[in-house]
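A.B. asks: Sharing a structure with you now.
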Amino acid sequence: MMLKRLLRFGGENDFGFLGNLIVSVVGFMLIISAWHVEAVYGLIPTNILPDPFNVVRSYVPLLNDYNMIPNAWFSIKMNLLCYVYAIALSLPIGFVITVYPIFNILIAKYTTVIRFLPLPAITGIFVAIFGLTFNMKVWFLTIALMVYIIPTVVNKINDLQNPRNDKDNVYLQTITTLGATNWQKFRYVYFPYVTAGVADTCKDLLAVSWTYVTICELIYKDGDVIGIGALINAMVRQAKMPEVYALLLVVLLIGFMQDIIFGKLIKKLFPYRSSET
């Protein structure tokens with residue numbers, strides 16, 4: 001029965017918890033088997049794509065000799081810290097730019113343009129301001145996220161204030177008709193609506209943020225704990241490809257877990273949108 005549903009064109013893909021788990025495990029085993037068969041027949045040189053079992057074995061030296069867990073935690077901590085800073089700064093900046101007419105006219109329409117800023121090309125500016133320090137990396141990542149979050153705040157507020165946007169403007173119209181004060185409008189309409197949009201943006205930025213983590217970790221390295229991105233770069237220079245793939249899998253696992261946690265957090269903070277997330 002389950003096999004028929006799997007083979008049915010356009011059928012639903014919810015087979016229950018146990019069914020989904022079995023399908024996921026089978027899919028994972030097929031990928032690993034195909035990878036191993038490729039390594040055995042040498043379709044791709046092992047110095048480019050090593051055998052998956054060698055990748056698994058490489059976790060032993062990574063844990064014992066290269067401080068894999070402290071390096072991973074270093075990157076996770078930096079990643080999470082930049083999200084806190086970026087959200088804390090972007091929300092007030094976005095509100096000030098959009099809510100006050102003078103700033104809305106002068107600045108708001110330019111916020112979308114900053115998304116095209118090539119941040120890796122201006123890392124020297126961050127080094128000049130903060131020096132070769134951990135704070136430099138954090139602020140580099142913070143700005144990298146803010147160039148996406150600020151336009152989200154601006155666009156969400158504009159959507160809410162746009163009378164032609166019947167879907168969202170109705171909330172503002174309703175509370176205004178009821179005689180709400182500016183504070184009540186902010187508390188019950190603006191803030192929950194905008195923060196929900198920011199939460200979705202932050203979830204979508206997880207992959208981008210890990211790309212920037214890897215970039216900034218290459219700028220400055222000091223000591224045994226240098227971050228997982230810098231550790232990957234070190235393994236590449238030493239031509240230790242099994243270790244490189246092992247670390248890449250760790251990054252994928254971290255990103256996957258963060259995506260799940262962010263998704264559950266969004267549903268917890270914004271339960272009225274649970275059907276949309």
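Naming scheme: A, B, ... for chains in displayed order of the structure tokens; residues 1 onward per chain; ligands 1 onward as shown.
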Fewer than 5 positions away in the same chain doesn't count, so skip those; otherwise give me all residues within 12 Å of Val236 in chain A, counting only C-alpha atoms, as a ChimeraX atom specification.

C.D. replies: /A:47-48,229-231,241-248

A.B. asks: For the residues in that selection, give me N, CA and C atoms as a short mmCIF file (atom, residue, chain, number, x, y, z; two decimals), in the first residue's frame.

C.D. replies:
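Written file, selection-v1.cif:
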```cif
data_model
loop_
_atom_site.label_atom_id
_atom_site.label_comp_id
_atom_site.auth_asym_id
_atom_site.auth_seq_id
_atom_site.Cartn_x
_atom_site.Cartn_y
_atom_site.Cartn_z
N ASN A 47 40.77 12.14 -4.45
CA ASN A 47 41.27 13.40 -3.91
C ASN A 47 40.28 14.55 -4.14
N ILE A 48 39.20 14.24 -4.85
CA ILE A 48 38.10 15.21 -5.04
C ILE A 48 36.86 14.75 -4.27
N GLY A 229 34.52 27.11 9.72
CA GLY A 229 34.84 27.56 8.36
C GLY A 229 36.34 27.63 8.14
N ALA A 230 37.06 28.19 9.11
CA ALA A 230 38.52 28.27 9.01
C ALA A 230 39.14 26.88 9.08
N LEU A 231 38.52 25.99 9.86
CA LEU A 231 39.03 24.62 9.95
C LEU A 231 38.87 23.89 8.62
N MET A 241 40.90 15.60 2.20
CA MET A 241 39.55 15.69 1.67
C MET A 241 38.50 14.95 2.50
N PRO A 242 38.80 13.78 3.08
CA PRO A 242 37.78 13.16 3.95
C PRO A 242 37.38 14.08 5.11
N GLU A 243 38.37 14.76 5.69
CA GLU A 243 38.06 15.69 6.77
C GLU A 243 37.24 16.88 6.28
N VAL A 244 37.54 17.34 5.07
CA VAL A 244 36.78 18.46 4.49
C VAL A 244 35.30 18.08 4.36
N TYR A 245 35.03 16.91 3.79
CA TYR A 245 33.64 16.48 3.61
C TYR A 245 32.97 16.22 4.95
N ALA A 246 33.73 15.69 5.90
CA ALA A 246 33.17 15.46 7.23
C ALA A 246 32.73 16.76 7.88
N LEU A 247 33.53 17.80 7.74
CA LEU A 247 33.19 19.11 8.31
C LEU A 247 32.03 19.75 7.55
N LEU A 248 31.99 19.56 6.24
CA LEU A 248 30.87 20.09 5.47
C LEU A 248 29.55 19.43 5.91
#
```

A.B. asks: Please, which residues in range 170-209 of chain A fall within 12 Å of range 85-106 of chain A when counting only C-alpha atoms, and what is the closest atom pair and distance in Å to one decimal for each, ordered by chain then residue number, as JSON lines?

C.D. replies:
```
{"residue": "A:Asn182", "atom": "CA", "partner": "A:Val99", "partner_atom": "CA", "distance": 11.0}
{"residue": "A:Lys185", "atom": "CA", "partner": "A:Val99", "partner_atom": "CA", "distance": 11.8}
{"residue": "A:Phe186", "atom": "CA", "partner": "A:Phe95", "partner_atom": "CA", "distance": 10.0}
{"residue": "A:Tyr190", "atom": "CA", "partner": "A:Phe95", "partner_atom": "CA", "distance": 9.2}
{"residue": "A:Phe191", "atom": "CA", "partner": "A:Leu91", "partner_atom": "CA", "distance": 9.1}
{"residue": "A:Pro192", "atom": "CA", "partner": "A:Leu91", "partner_atom": "CA", "distance": 11.6}
{"residue": "A:Tyr193", "atom": "CA", "partner": "A:Leu91", "partner_atom": "CA", "distance": 11.9}
{"residue": "A:Val194", "atom": "CA", "partner": "A:Leu91", "partner_atom": "CA", "distance": 8.4}
{"residue": "A:Thr195", "atom": "CA", "partner": "A:Leu91", "partner_atom": "CA", "distance": 8.0}
{"residue": "A:Ala196", "atom": "CA", "partner": "A:Leu91", "partner_atom": "CA", "distance": 11.6}
{"residue": "A:Gly197", "atom": "CA", "partner": "A:Leu91", "partner_atom": "CA", "distance": 11.1}
{"residue": "A:Val198", "atom": "CA", "partner": "A:Ile87", "partner_atom": "CA", "distance": 8.0}
{"residue": "A:Ala199", "atom": "CA", "partner": "A:Ile87", "partner_atom": "CA", "distance": 9.2}
{"residue": "A:Thr201", "atom": "CA", "partner": "A:Ile87", "partner_atom": "CA", "distance": 10.6}
{"residue": "A:Cys202", "atom": "CA", "partner": "A:Ile87", "partner_atom": "CA", "distance": 8.8}
{"residue": "A:Leu205", "atom": "CA", "partner": "A:Ala86", "partner_atom": "CA", "distance": 11.9}
{"residue": "A:Ser209", "atom": "CA", "partner": "A:Ala86", "partner_atom": "CA", "distance": 11.5}
```

A.B. asks: Which polymer residues have any atom within 10 Å of an atom of Val127 in chain A, counting only C-alpha atoms, with same-chain residues fewer than 6 positions away left out, as a PyMOL selection string?

C.D. replies: chain A and resi 133+135-137+140+219-220

A.B. asks: In terms of the shortest atom-to-atom distance over only C-alpha atoms, which of A:Ile107, A:Val56, A:Ile31, A:Val213 is closest to Leu80 in chain A?

C.D. replies: A:Val213

A.B. asks: Hey, can you check how far CA of Pro50 in chain A sits from CA of Ile32 in chain A?

C.D. replies: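 Rounded to one decimal, the two atoms are 11.9 Å apart.
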
A.B. asks: When DSSP is applied to the backbone of this structure, which of range 24-197 of chain A are assigned helix (DSSP H, G or I)? Write them out as a ChimeraX atom specification.

C.D. replies: /A:24-41,52-57,59-65,68-99,101-106,108-116,119-130,134-161,166-177,182-197

A.B. asks: Can you tell me which residues surround range 257-266 of chain A at a distance of at most 9 Å, considering only C-alpha atoms, apart from same-chain residues fewer than 3 positions away, and format the answer as a PDB file with C-alpha atoms, in the first residue's frame?

C.D. replies:
```
ATOM      1  CA  ALA A 196       6.603  37.847  11.908  1.00  0.00           C
ATOM      2  CA  ALA A 199      11.308  35.928  11.575  1.00  0.00           C
ATOM      3  CA  ASP A 200      10.564  34.427   8.147  1.00  0.00           C
ATOM      4  CA  CYS A 202      15.868  35.245   9.332  1.00  0.00           C
ATOM      5  CA  LYS A 203      14.877  31.633   8.707  1.00  0.00           C
ATOM      6  CA  ASP A 204      15.494  32.083   4.984  1.00  0.00           C
ATOM      7  CA  LEU A 206      20.296  30.696   7.584  1.00  0.00           C
ATOM      8  CA  LEU A 252      24.816  20.875   6.919  1.00  0.00           C
ATOM      9  CA  LEU A 253      23.657  19.182  10.127  1.00  0.00           C
ATOM     10  CA  ILE A 254      23.953  22.427  12.102  1.00  0.00           C
ATOM     11  CA  LEU A 269       5.973  33.049  18.829  1.00  0.00           C
ATOM     12  CA  PHE A 270       3.383  33.534  16.080  1.00  0.00           C
ATOM     13  CA  PRO A 271       0.775  30.784  16.603  1.00  0.00           C
ATOM     14  CA  ARG A 273       0.384  32.145  11.520  1.00  0.00           C
ATOM     15  CA  SER A 274       1.085  28.453  12.127  1.00  0.00           C
ATOM     16  CA  THR A 277       4.723  28.652   8.142  1.00  0.00           C
TER      17      THR A 277
END
```

A.B. asks: From the options A:Thr111, A:Ser58, A:Thr142, A:Asn64, which residue's atoms come nearest to Phe126 in chain A, counting only C-alpha atoms?

C.D. replies: A:Thr142

A.B. asks: When distances are computed from only C-alpha atoms, which of A:Leu141, A:Ile226, A:Ala239, A:Ala108 shows the smallest separation from Cys82 in chain A?

C.D. replies: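 Distance minimum relative to Cys82 in chain A lands on A:Leu141.
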
A.B. asks: Lys77 in chain A: which residues within 10 Å, counting only C-alpha atoms, same-chain residues fewer than 5 positions away excluded, as a list in words?

C.D. replies: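 Neighbouring residues, sequence-local ones excluded: Asn71, Ala72, Cys82, Val138 and Gly227 of chain A.
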
A.B. asks: Taking only C-alpha atoms into account, name the residue in A:Ala180, A:Ala234, A:Leu172, A:Val154 that is nearest to Tyr66 in chain A.

C.D. replies: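 Smallest distance to Tyr66 in chain A is found for A:Ala234.
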
A.B. asks: Can you measure CA of Leu160 in chain A to CA of Tyr83 in chain A for me? One decimal in Å is fine.

C.D. replies: 24.5 Å

A.B. asks: How many Å separate CA of Tyr171 in chain A from CA of Tyr272 in chain A?

C.D. replies: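 Here the two named atoms are 13.9 Å from each other.
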
A.B. asks: Let me make sure I understand: among A:Met78, A:Val153, A:Ile22, A:Ile129, which one has the smallest atom-to-atom distance to Cys216 in chain A if we use only C-alpha atoms?

C.D. replies: A:Met78

A.B. asks: Need the shell around Asn67 in chain A: protein/DNA/RNA residues with any atom at most 8 Å away, counting only C-alpha atoms. Skip same-chain ones fewer than 4 positions apart. Format as a list in words?

C.D. replies: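 The residues satisfying every condition are Leu62, Leu63, Asn71, Asp224 and Val225 of chain A.
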
A.B. asks: Now that the selection is made, can you save its residues with C-alpha atoms as an mmCIF file, in the first residue's frame?

C.D. replies:
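selection14.cif was written with the following content:
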```
data_model
loop_
_atom_site.group_PDB
_atom_site.id
_atom_site.type_symbol
_atom_site.label_atom_id
_atom_site.label_comp_id
_atom_site.auth_asym_id
_atom_site.auth_seq_id
_atom_site.Cartn_x
_atom_site.Cartn_y
_atom_site.Cartn_z
ATOM 1 C CA LEU A 62 38.871 15.782 13.875
ATOM 2 C CA LEU A 63 37.540 15.240 17.390
ATOM 3 C CA ASN A 71 35.366 25.048 16.591
ATOM 4 C CA ASP A 224 43.314 26.317 18.353
ATOM 5 C CA VAL A 225 39.668 27.392 18.185
#
```
